[in-house]
file entry-v8.cif (mmCIF, C-alpha atoms (C1' of nucleotides))
data_structure
loop_
_atom_site.label_atom_id
_atom_site.label_comp_id
_atom_site.auth_asym_id
_atom_site.auth_seq_id
_atom_site.Cartn_x
_atom_site.Cartn_y
_atom_site.Cartn_z
CA MET F 49 133.28 132.21 126.28
CA GLU F 50 134.55 131.03 122.96
CA LYS F 51 132.65 128.17 121.43
CA ILE F 52 134.24 124.87 120.53
CA LYS F 53 134.29 124.27 116.79
CA ILE F 54 132.99 120.96 115.59
CA ALA F 55 132.37 119.48 112.17
CA VAL F 56 129.47 117.12 111.66
CA ILE F 57 128.96 114.65 108.82
CA ALA F 58 125.40 113.36 108.57
CA GLY F 59 123.48 111.43 105.95
CA PRO F 60 121.74 108.17 105.24
CA THR F 61 123.38 104.80 105.53
CA ALA F 62 125.75 103.86 102.71
CA SER F 63 126.25 107.47 101.61
CA GLY F 64 129.96 107.46 102.36
CA LYS F 65 130.07 109.28 105.69
CA THR F 66 132.86 107.15 107.12
CA GLU F 67 135.26 107.87 104.31
CA LEU F 68 134.49 111.57 104.24
CA GLY F 69 134.89 111.79 108.00
CA VAL F 70 138.40 110.40 107.81
CA GLU F 71 139.30 112.81 105.00
CA ILE F 72 138.04 115.75 107.03
CA ALA F 73 139.89 114.61 110.13
CA LYS F 74 143.09 114.29 108.12
CA ALA F 75 142.70 117.71 106.57
CA PHE F 76 141.98 119.57 109.81
CA ASN F 77 143.97 117.65 112.40
CA GLY F 78 140.83 116.04 113.74
CA GLU F 79 139.53 112.99 115.50
CA VAL F 80 136.29 111.21 114.70
CA ILE F 81 133.44 110.77 117.16
CA SER F 82 130.81 108.38 115.89
CA ALA F 83 127.12 109.25 116.19
CA ASP F 84 125.72 105.83 115.54
CA SER F 85 123.44 103.95 117.89
CA MET F 86 124.65 100.54 116.75
CA GLN F 87 128.36 100.91 116.08
CA ILE F 88 128.79 101.56 119.79
CA TYR F 89 128.48 97.82 120.41
CA LYS F 90 131.33 95.36 120.45
CA GLY F 91 131.18 92.81 117.69
CA MET F 92 128.40 93.49 115.18
CA ASP F 93 131.15 94.71 112.88
CA ILE F 94 129.76 93.61 109.54
CA ALA F 95 126.08 94.48 109.96
CA THR F 96 126.76 97.99 111.24
CA ALA F 97 129.42 98.68 108.60
CA LYS F 98 131.83 99.61 111.35
CA PRO F 99 134.98 101.20 109.94
CA SER F 100 137.92 98.80 109.76
CA PRO F 101 141.40 99.82 110.96
CA GLU F 102 142.37 100.31 107.30
CA GLU F 103 139.44 102.64 106.74
CA MET F 104 140.28 104.61 109.86
CA SER F 105 143.81 104.93 108.50
CA GLY F 106 145.35 106.18 111.70
CA ILE F 107 142.63 108.64 112.66
CA PRO F 108 141.39 108.03 116.23
CA HIS F 109 137.71 106.99 116.31
CA HIS F 110 135.67 107.42 119.47
CA LEU F 111 132.39 105.91 120.70
CA ILE F 112 132.75 102.88 118.49
CA ASP F 113 133.01 99.30 119.63
CA PHE F 114 133.10 99.91 123.36
CA LEU F 115 129.86 98.53 124.82
CA GLU F 116 128.77 94.94 125.48
CA ARG F 117 125.82 93.87 123.39
CA ASP F 118 123.60 93.08 126.34
CA ARG F 119 123.79 96.64 127.66
CA ALA F 120 121.07 99.16 126.98
CA PHE F 121 122.06 102.57 125.72
CA SER F 122 120.14 105.78 125.20
CA VAL F 123 120.39 109.27 123.74
CA ALA F 124 121.15 110.67 127.17
CA ASP F 125 124.10 108.30 127.54
CA TYR F 126 125.31 109.27 124.11
CA VAL F 127 125.17 112.99 124.69
CA GLU F 128 127.03 112.65 127.96
CA LEU F 129 129.83 110.58 126.46
CA ALA F 130 130.09 112.65 123.29
CA ASN F 131 130.36 115.87 125.28
CA GLU F 132 133.26 114.37 127.21
CA LYS F 133 135.00 113.26 124.05
CA ILE F 134 134.58 116.63 122.38
CA ASN F 135 136.18 118.34 125.34
CA GLU F 136 139.09 115.93 125.41
CA ILE F 137 139.76 116.41 121.73
CA TYR F 138 139.43 120.14 122.04
CA LYS F 139 142.02 120.14 124.82
CA ARG F 140 144.38 118.27 122.53
CA ASN F 141 143.95 121.14 120.11
CA ARG F 142 142.33 118.97 117.53
CA LEU F 143 139.02 119.22 115.68
CA PRO F 144 136.15 116.96 116.76
CA VAL F 145 134.50 115.44 113.68
CA ILE F 146 131.11 113.93 114.46
CA VAL F 147 130.21 111.26 111.93
CA GLY F 148 127.01 109.29 111.97
CA GLY F 149 123.49 108.57 110.89
CA THR F 150 121.54 108.58 114.13
CA GLY F 151 119.65 111.83 113.76
CA LEU F 152 118.38 111.95 117.31
CA TYR F 153 121.89 111.61 118.72
CA ILE F 154 123.30 114.31 116.48
CA SER F 155 120.60 116.88 117.07
CA SER F 156 120.53 116.24 120.81
CA LEU F 157 124.27 116.74 120.96
CA ILE F 158 124.58 119.91 118.93
CA ASP F 159 121.43 121.50 120.32
CA ASN F 160 122.77 120.76 123.80
CA ILE F 161 119.61 119.09 125.01
CA GLN F 162 119.55 118.73 128.79
CA PHE F 163 118.29 115.33 129.79
CA PRO F 164 116.90 115.12 133.31
CA ASP F 165 118.16 112.16 135.29
CA ILE F 166 115.11 109.93 134.94
CA LYS F 167 116.16 106.40 134.14
CA SER F 168 113.56 104.00 132.90
CA ASP F 169 112.01 101.66 135.42
CA PRO F 170 111.52 98.14 134.04
CA GLU F 171 108.77 97.36 136.55
CA ILE F 172 106.66 100.35 135.64
CA ARG F 173 107.15 99.65 131.96
CA LYS F 174 106.25 96.05 132.31
CA ARG F 175 103.08 96.95 134.14
CA LEU F 176 102.08 99.55 131.54
CA GLU F 177 102.76 97.14 128.71
CA ILE F 178 100.53 94.53 130.30
CA GLU F 179 97.83 97.13 130.79
CA SER F 180 97.99 98.06 127.13
CA THR F 181 97.67 94.48 125.92
CA ARG F 182 94.79 93.84 128.29
CA PHE F 183 92.85 97.07 127.89
CA GLY F 184 94.16 98.49 124.64
CA ASN F 185 96.32 101.40 123.55
CA GLU F 186 93.47 103.87 123.89
CA LYS F 187 93.16 103.15 127.58
CA LEU F 188 96.78 104.09 128.26
CA PHE F 189 96.43 107.10 126.04
CA GLU F 190 93.45 108.26 128.09
CA GLN F 191 95.61 108.08 131.18
CA LEU F 192 98.25 110.19 129.49
CA LYS F 193 95.67 112.75 128.42
CA LYS F 194 94.76 113.21 132.06
CA CYS F 195 98.24 113.56 133.51
CA ASP F 196 100.08 115.17 130.58
CA PRO F 197 97.73 116.55 127.93
CA GLU F 198 100.51 118.44 126.16
CA THR F 199 102.49 115.31 125.43
CA ALA F 200 99.34 113.41 124.57
CA ALA F 201 98.49 116.04 121.99
CA GLU F 202 101.74 115.29 120.17
CA LEU F 203 101.50 111.53 120.24
CA HIS F 204 99.35 109.04 118.39
CA PRO F 205 97.59 106.57 120.71
CA ASN F 206 99.24 103.68 118.88
CA ASN F 207 102.71 104.96 119.55
CA LEU F 208 102.94 102.80 122.61
CA VAL F 209 106.66 103.16 123.18
CA ARG F 210 106.40 106.91 123.65
CA VAL F 211 103.08 106.87 125.47
CA ILE F 212 104.63 104.53 128.01
CA ARG F 213 107.72 106.69 128.45
CA ALA F 214 105.57 109.75 129.11
CA LEU F 215 103.50 107.88 131.69
CA GLU F 216 106.63 106.48 133.25
CA VAL F 217 108.18 109.92 133.68
CA TYR F 218 105.02 111.20 135.28
CA GLU F 219 104.79 108.25 137.61
CA ILE F 220 108.42 108.44 138.76
CA THR F 221 108.71 112.20 139.17
CA GLY F 222 105.17 113.51 139.43
CA ARG F 223 106.06 115.99 136.71
CA LYS F 224 105.07 116.01 133.08
CA LEU F 225 107.40 115.01 130.30
CA SER F 226 106.30 118.14 128.45
CA GLU F 227 107.66 120.27 131.30
CA TYR F 228 111.04 118.59 131.13
CA LYS F 229 111.00 119.02 127.40
CA ALA F 230 110.40 122.74 127.74
CA GLU F 231 113.37 123.00 130.08
CA SER F 232 115.67 120.93 127.93
CA ARG F 233 116.66 123.72 125.56
CA LEU F 234 117.50 126.44 128.02
CA VAL F 235 121.25 126.00 128.01
CA GLU F 236 122.96 127.46 124.96
CA SER F 237 125.14 125.09 122.98
CA PRO F 238 128.86 125.38 123.70
CA TYR F 239 129.59 124.38 120.12
CA GLU F 240 129.95 126.16 116.85
CA SER F 241 129.08 123.55 114.29
CA VAL F 242 129.02 122.97 110.55
CA ILE F 243 126.84 120.13 109.44
CA ILE F 244 127.44 118.51 106.11
CA GLY F 245 124.55 116.33 104.92
CA LEU F 246 125.19 113.74 102.24
CA ASN F 247 122.50 112.77 99.78
CA TYR F 248 121.77 111.97 96.14
CA HIS F 249 119.38 113.76 93.84
CA ASP F 250 118.54 110.35 92.45
CA ARG F 251 117.27 108.19 95.30
CA GLN F 252 117.81 105.07 93.21
CA ARG F 253 121.57 105.58 93.29
CA LEU F 254 121.55 105.45 97.05
CA TYR F 255 119.36 102.35 96.94
CA ASP F 256 121.71 100.69 94.46
CA ARG F 257 124.60 101.31 96.84
CA ILE F 258 122.62 99.89 99.73
CA ASN F 259 121.68 96.74 97.83
CA LEU F 260 125.25 96.23 96.73
CA ARG F 261 126.58 96.79 100.21
CA VAL F 262 124.28 94.19 101.71
CA ASP F 263 125.55 91.65 99.16
CA ILE F 264 129.10 92.51 100.13
CA MET F 265 128.24 92.14 103.80
CA VAL F 266 126.90 88.67 103.10
CA GLU F 267 130.14 87.78 101.29
CA ASN F 268 132.09 89.08 104.25
CA GLY F 269 130.30 86.83 106.71
CA LEU F 270 127.13 88.60 107.77
CA ILE F 271 125.25 85.31 108.14
CA GLU F 272 127.83 83.88 110.52
CA GLU F 273 127.97 87.08 112.55
CA SER F 274 124.20 87.14 112.72
CA ARG F 275 123.99 83.52 113.81
CA GLU F 276 126.34 84.25 116.65
CA VAL F 277 124.28 87.24 117.77
CA PHE F 278 121.09 85.21 117.40
CA GLU F 279 122.43 82.40 119.55
CA ALA F 280 123.74 84.76 122.22
CA GLY F 281 120.26 86.26 122.75
CA GLU F 282 119.62 88.72 125.57
CA MET F 283 119.97 92.14 124.02
CA ARG F 284 118.31 95.47 124.47
CA THR F 285 119.27 98.29 122.15
CA ALA F 286 121.49 96.08 120.01
CA ALA F 287 118.59 93.83 119.05
CA ASN F 288 117.27 96.62 116.84
CA ALA F 289 120.14 96.48 114.40
CA ILE F 290 119.18 95.71 110.83
CA GLY F 291 120.86 92.59 109.53
CA TYR F 292 120.18 90.26 112.45
CA LYS F 293 116.48 90.10 113.14
CA GLU F 294 115.75 89.70 109.43
CA LEU F 295 117.74 86.47 109.35
CA ILE F 296 115.95 84.81 112.25
CA PRO F 297 113.31 83.18 109.98
CA TYR F 298 116.18 81.60 108.07
CA PHE F 299 117.85 80.27 111.21
CA GLU F 300 114.53 78.86 112.33
CA ASN F 301 113.91 77.29 108.91
CA ASN F 302 110.90 79.42 108.19
CA ALA F 303 112.26 81.22 105.16
CA ASP F 304 114.94 80.77 102.58
CA LEU F 305 118.14 82.74 102.74
CA GLN F 306 117.55 84.94 99.70
CA THR F 307 114.18 86.09 101.02
CA CYS F 308 115.83 87.18 104.26
CA ILE F 309 118.66 88.95 102.48
CA ASP F 310 116.14 90.82 100.35
CA LYS F 311 114.38 91.79 103.56
CA ILE F 312 117.62 93.22 104.93
CA LYS F 313 118.02 95.31 101.79
CA GLN F 314 114.47 96.56 102.01
CA GLU F 315 114.73 97.42 105.70
CA THR F 316 117.97 99.24 105.04
CA ARG F 317 116.36 101.26 102.26
CA ARG F 318 113.51 102.19 104.55
CA TYR F 319 115.94 103.14 107.24
CA ALA F 320 117.77 105.41 104.81
CA LYS F 321 114.50 107.09 103.92
CA ARG F 322 113.70 107.70 107.58
CA GLN F 323 117.16 109.12 108.14
CA LEU F 324 116.64 111.55 105.29
CA THR F 325 113.28 112.60 106.72
CA TRP F 326 114.98 113.28 110.01
CA PHE F 327 117.83 115.28 108.56
CA ARG F 328 115.75 117.24 106.08
CA LYS F 329 114.05 119.20 108.81
CA ASN F 330 117.38 120.43 110.13
CA ALA F 331 117.81 123.80 108.50
CA LYS F 332 121.45 124.05 109.53
CA ILE F 333 122.55 121.19 107.34
CA GLN F 334 124.55 122.07 104.26
CA TRP F 335 123.54 119.45 101.75
CA VAL F 336 126.10 117.96 99.45
CA MET F 337 124.59 116.00 96.59
CA LEU F 338 126.87 113.15 95.70
CA ASP F 339 125.67 112.76 92.13
CA GLU F 340 126.90 116.25 91.33
CA PHE F 341 130.54 115.17 91.53
CA ASP F 342 132.31 113.11 88.94
CA ASN F 343 135.09 112.04 91.26
CA LYS F 344 135.85 111.65 94.92
CA GLU F 345 138.64 114.16 95.05
CA LYS F 346 136.38 116.98 93.90
CA PHE F 347 133.76 115.91 96.40
CA PHE F 348 136.21 115.78 99.30
CA ASP F 349 137.69 119.09 98.32
CA TYR F 350 134.29 120.73 98.13
CA CYS F 351 133.41 119.51 101.61
CA LYS F 352 136.75 120.60 103.04
CA LYS F 353 136.38 124.10 101.63
CA ASN F 354 132.89 124.33 103.00
CA ILE F 355 133.96 123.31 106.45
CA ALA F 356 136.99 125.61 106.42
CA LYS F 357 134.83 128.53 105.43
CA SER F 358 132.02 127.86 107.88
CA LEU F 359 134.30 127.38 110.85
CA SER F 360 137.01 129.87 109.75
CA LEU F 361 139.68 127.20 109.67
CA CYS F 362 142.84 127.18 107.61
CA TYR F 363 142.82 124.82 104.69
CA ASN F 364 145.39 124.90 101.96
CA ILE F 365 144.17 123.71 98.63
CA LYS F 366 146.63 121.31 97.12
"C1'" G C 162 93.74 76.06 63.85
"C1'" G C 163 89.98 74.42 67.79
"C1'" C C 164 88.20 74.39 72.93
"C1'" G C 165 88.30 76.21 77.93
"C1'" C C 166 89.86 79.73 81.67
"C1'" U C 167 91.34 84.65 82.65
"C1'" A C 168 92.34 90.37 82.41
"C1'" U C 169 90.88 95.16 88.94
"C1'" A C 170 96.86 100.49 91.42
"C1'" G C 171 104.11 98.92 90.71
"C1'" C C 172 102.94 93.67 92.79
"C1'" C C 173 99.34 90.24 95.30
"C1'" A C 174 94.16 90.52 95.69
"C1'" A C 175 88.45 91.02 97.43
"C1'" G C 176 84.24 92.42 95.09
"C1'" U C 177 78.98 88.94 90.20
"C1'" G C 178 74.00 95.03 88.82
"C1'" G C 179 73.85 100.43 92.58
"C1'" U C 180 78.36 103.62 92.00
"C1'" A C 181 86.07 100.22 93.76
"C1'" A C 182 87.98 95.82 100.74
"C1'" G C 183 92.66 94.53 102.27
"C1'" G C 184 97.97 93.34 102.11
"C1'" C C 185 102.91 94.47 100.18
"C1'" G C 186 105.96 97.92 97.90
"C1'" U C 187 106.64 103.21 96.86
"C1'" G C 188 106.44 108.33 98.43
"C1'" G C 189 105.74 111.83 102.48
"C1'" G C 190 105.85 112.83 107.72
"C1'" U C 191 106.28 112.63 113.41
"C1'" C C 192 110.03 111.95 116.97
"C1'" U C 193 113.65 114.46 123.94
"C1'" G C 194 116.15 108.01 127.93
"C1'" C C 195 115.52 100.91 123.37
"C1'" A C 196 115.79 105.91 117.62
"C1'" A C 197 118.95 100.82 112.52
"C1'" C C 198 113.19 101.84 117.46
"C1'" A C 199 108.12 103.15 117.52
"C1'" C C 200 104.20 105.60 115.11
"C1'" C C 201 101.12 108.29 111.31
"C1'" C C 202 99.55 109.64 106.28
"C1'" U C 203 99.64 108.08 101.07
"C1'" G C 204 97.05 105.72 95.34
"C1'" A C 205 92.68 103.05 90.49
"C1'" U C 206 87.42 104.45 88.38
"C1'" C C 207 88.26 98.08 87.21
"C1'" C C 208 92.36 95.77 79.12
"C1'" C C 209 89.67 98.08 74.56
"C1'" C C 210 85.02 98.79 71.63
"C1'" A C 211 79.81 98.23 71.21
"C1'" G C 212 75.25 96.79 73.55
"C1'" U C 213 71.39 95.66 77.62
"C1'" U C 214 69.78 98.67 82.00
"C1'" C C 215 67.35 104.23 85.60
"C1'" A C 216 72.24 102.10 87.09
"C1'" A C 217 77.91 97.64 84.93
"C1'" A C 218 84.27 96.25 87.38
"C1'" U C 219 80.06 93.11 87.78
"C1'" C C 220 75.30 90.91 82.24
"C1'" U C 221 75.74 90.20 76.44
"C1'" G C 222 78.64 90.41 71.77
"C1'" G C 223 83.22 91.51 69.45
"C1'" G C 224 88.50 92.68 69.80
"C1'" U C 225 93.32 92.28 72.17
"C1'" G C 226 96.81 90.05 75.77
"C1'" G C 227 97.96 85.99 79.19
"C1'" C C 228 97.35 80.83 80.92
"C1'" G C 229 95.91 75.73 80.04
"C1'" C C 230 94.26 71.72 77.05
"C1'" C C 231 93.44 69.49 72.21
"C1'" U C 232 94.77 68.52 66.87
#
call {"tool": "encode", "arguments": {"input": "entry-v8.cif", "output": "structure tokens"}}
result
Amino acid sequence: MEKIKIAVIAGPTASGKTELGVEIAKAFNGEVISADSMQIYKGMDIATAKPSPEEMSGIPHHLIDFLERDRAFSVADYVELANEKINEIYKRNRLPVIVGGTGLYISSLIDNIQFPDIKSDPEIRKRLEIESTRFGNEKLFEQLKKCDPETAAELHPNNLVRVIRALEVYEITGRKLSEYKAESRLVESPYESVIIGLNYHDRQRLYDRINLRVDIMVENGLIEESREVFEAGEMRTAANAIGYKELIPYFENNADLQTCIDKIKQETRRYAKRQLTWFRKNAKIQWVMLDEFDNKEKFFDYCKKNIAKSLSLCYNIK
RNA sequence: GGCGCUAUAGCCAAGUGGUAAGGCGUGGGUCUGCAACACCCUGAUCCCCAGUUCAAAUCUGGGUGGCGCCU
């Protein structure tokens, strides 16, 4: 069976993925599918740098702005939805362009990871969390060593979130997480993908862009948006977004505004670094270093040529 | 000009004779159902010179810089 061609734009936050994605979609008759764990939520427009209608400039964008903030969301949900969207776009004879910075979502999608249907059980989690606070992380880790030594070997005892998930899977199914993991890569990917990774040789240039963008977000009403989210409360996945939790000390009169804004910048820089760590290990990524181009047109053109060549698509150079 | 205090990693900082805590930042890394999460790893010979001592970041003298006070 012929594979479905997809283009992927990855890279750290504030590297210009959104704009490039739209350019690519325009050039190859494509539609954008976001791969971003936070832009999926309704509202939260400013903090997540969600593309505005002007930025989308007529290109359809999928998996953005469709979920209520109080709903949890996971990689498995993402992969399921993204697979559907890719097929729909493919049937319309258009090119799916995956654009986003959530490394786990992207790699799970293009590697066609099979997620077993094991939802998390809040009761089990709650109980395990209580156990860990009462008896310590080591105690839970010892349990994991007994029931799933393979997973335990890959985790640090302090990584409570993952230790709990592994124990949860074992408790619900009686099977080890490591077994499921081994089975998750058995189905070959139905996609033929090019992955463009955006980065700078000079890390400071990325950081400068991040710092500037946070200031612009503040000008555009980040504080007000954050206050609204803060007052609404009750969130799961969405509560992780950078730009809200950092302002809570300010809302509670425990810190001044500038301190909190600086914290947002710092957290965003750290996030960008983690994203780069994630993407760097993906050998399939074709890196495009932004500081090698003196203007946007050359940069866009370079990316378009690369994609055309890798996927054997037609692209006429203007 | 005089007097006092002070000088430890990019920043904050403990250590007052036996051979450099910790925190933050930075950099690197891990990741299969909350991933913008969670977690791990990461640095100095203590301003300079001379002296005392078996041994000095720690004591003494001098120099230099900073801070404060005085005239």
call {"tool": "interface_residues", "arguments": {"input": "entry-v8.cif", "of": "chain F", "to": "chain C", "cutoff": "6 Å", "atoms": "all atoms listed in the file", "output": "ChimeraX atom specification"}}
result
/F:122,124,207,209,285,289-290
call {"tool": "axis_aligned_box", "arguments": {"input": "entry-v8.cif", "around": "segment 351-359 of chain F", "padding_each_side": "4 Å", "output": "lines of an AutoDock Vina configuration file"}}
result
center_x = 134.5
center_y = 124.0
center_z = 106.2
size_x = 13.0
size_y = 17.0
size_z = 17.2
call {"tool": "atom_distance", "arguments": {"input": "entry-v8.cif", "atom1": "atom CA of Ile94 of chain F", "atom2": "atom CA of Val262 of chain F"}}
result
9.6 Å
call {"tool": "resolve_selection", "arguments": {"input": "entry-v8.cif", "expression": "the PyMOL selection byres ((chain C and resi 180) around 10)", "output": "number ranges by chain"}}
result
C: 179, 181, 206, 216-217
call {"tool": "residues_near_point", "arguments": {"input": "entry-v8.cif", "point": "(96.3, 80.2, 80.9)", "cutoff": "7 Å", "atoms": "all atoms listed in the file", "output": "MDAnalysis selection string"}}
result
chainID C and resid 166:167 227:229
call {"tool": "closest_residue", "arguments": {"input": "entry-v8.cif", "among": "F:Arg233, F:Asn247, F:Gly91, F:Pro108", "to": "Glu276 of chain F", "atoms": "only C-alpha atoms"}}
result
F:Gly91
call {"tool": "atom_distance", "arguments": {"input": "entry-v8.cif", "atom1": "atom CA of Glu294 of chain F", "atom2": "atom CA of Arg119 of chain F"}}
result
21.1 Å
call {"tool": "resolve_selection", "arguments": {"input": "entry-v8.cif", "expression": "the PyMOL selection byres ((chain C and resi 207) around 12)", "output": "MDAnalysis selection string"}}
result
chainID C and resid 168:170 176 181 205:206 208 217:219
call {"tool": "resolve_selection", "arguments": {"input": "entry-v8.cif", "expression": "the PyMOL selection byres ((chain F and resi 258) around 12)", "output": "MDAnalysis selection string"}}
result
chainID F and resid 60:64 97 251:257 259:265 309:310 312:321
call {"tool": "atom_distance", "arguments": {"input": "entry-v8.cif", "atom1": "atom CA of Gln162 of chain F", "atom2": "atom CA of Val123 of chain F"}}
result
10.8 Å
call {"tool": "residues_around", "arguments": {"input": "entry-v8.cif", "residues": "Arg140 of chain F", "least_positions_apart": "4", "cutoff": "12 Å", "atoms": "all atoms listed in the file", "output": "ChimeraX atom specification"}}
result
/F:77-79,133-136,144
call {"tool": "closest_residue", "arguments": {"input": "entry-v8.cif", "among": "F:Glu128, F:Glu190, F:Glu198, F:Glu67", "to": "Asp165 of chain F", "atoms": "all atoms listed in the file"}}
result
F:Glu128
call {"tool": "residues_around", "arguments": {"input": "entry-v8.cif", "residues": "Cys195 of chain F", "least_positions_apart": "4", "cutoff": "8 Å", "atoms": "all atoms listed in the file", "output": "number ranges by chain"}}
result
F: 191, 215, 218, 224
call {"tool": "build_atoms", "arguments": {"input": "entry-v8.cif", "residues": "segment 135-153 of chain F", "atoms": "N, CA and C atoms", "output": "short mmCIF file (atom, residue, chain, number, x, y, z; two decimals), in the frame of the given file"}}
result
data_model
loop_
_atom_site.label_atom_id
_atom_site.label_comp_id
_atom_site.auth_asym_id
_atom_site.auth_seq_id
_atom_site.Cartn_x
_atom_site.Cartn_y
_atom_site.Cartn_z
N ASN F 135 135.31 117.53 124.49
CA ASN F 135 136.18 118.34 125.34
C ASN F 135 137.62 117.82 125.37
N GLU F 136 137.74 116.51 125.42
CA GLU F 136 139.09 115.93 125.41
C GLU F 136 139.83 116.28 124.12
N ILE F 137 139.12 116.15 123.02
CA ILE F 137 139.76 116.41 121.73
C ILE F 137 140.11 117.89 121.60
N TYR F 138 139.22 118.70 122.07
CA TYR F 138 139.43 120.14 122.04
C TYR F 138 140.69 120.50 122.83
N LYS F 139 140.84 119.86 123.99
CA LYS F 139 142.02 120.14 124.82
C LYS F 139 143.31 119.70 124.15
N ARG F 140 143.19 118.71 123.27
CA ARG F 140 144.38 118.27 122.53
C ARG F 140 144.63 119.17 121.33
N ASN F 141 143.81 120.23 121.23
CA ASN F 141 143.95 121.14 120.11
C ASN F 141 143.63 120.52 118.77
N ARG F 142 142.68 119.60 118.79
CA ARG F 142 142.33 118.97 117.53
C ARG F 142 140.84 119.22 117.27
N LEU F 143 140.42 118.95 116.05
CA LEU F 143 139.02 119.22 115.68
C LEU F 143 138.14 117.97 115.86
N PRO F 144 137.08 118.09 116.67
CA PRO F 144 136.15 116.96 116.76
C PRO F 144 135.32 116.85 115.48
N VAL F 145 135.29 115.68 114.89
CA VAL F 145 134.50 115.44 113.68
C VAL F 145 133.44 114.39 114.03
N ILE F 146 132.20 114.84 114.12
CA ILE F 146 131.11 113.93 114.46
C ILE F 146 130.61 113.27 113.18
N VAL F 147 130.61 111.96 113.14
CA VAL F 147 130.21 111.26 111.93
C VAL F 147 129.15 110.21 112.26
N GLY F 148 127.98 110.34 111.68
CA GLY F 148 127.01 109.29 111.97
C GLY F 148 125.63 109.53 111.38
N GLY F 149 124.81 108.52 111.51
CA GLY F 149 123.49 108.57 110.89
C GLY F 149 122.33 108.55 111.87
N THR F 150 122.63 108.59 113.15
CA THR F 150 121.54 108.58 114.13
C THR F 150 121.11 110.01 114.41
N GLY F 151 120.08 110.44 113.72
CA GLY F 151 119.65 111.83 113.76
C GLY F 151 119.37 112.34 115.16
N LEU F 152 118.71 111.53 115.95
CA LEU F 152 118.38 111.95 117.31
C LEU F 152 119.64 112.23 118.12
N TYR F 153 120.65 111.42 117.98
CA TYR F 153 121.89 111.61 118.72
C TYR F 153 122.57 112.92 118.29
#
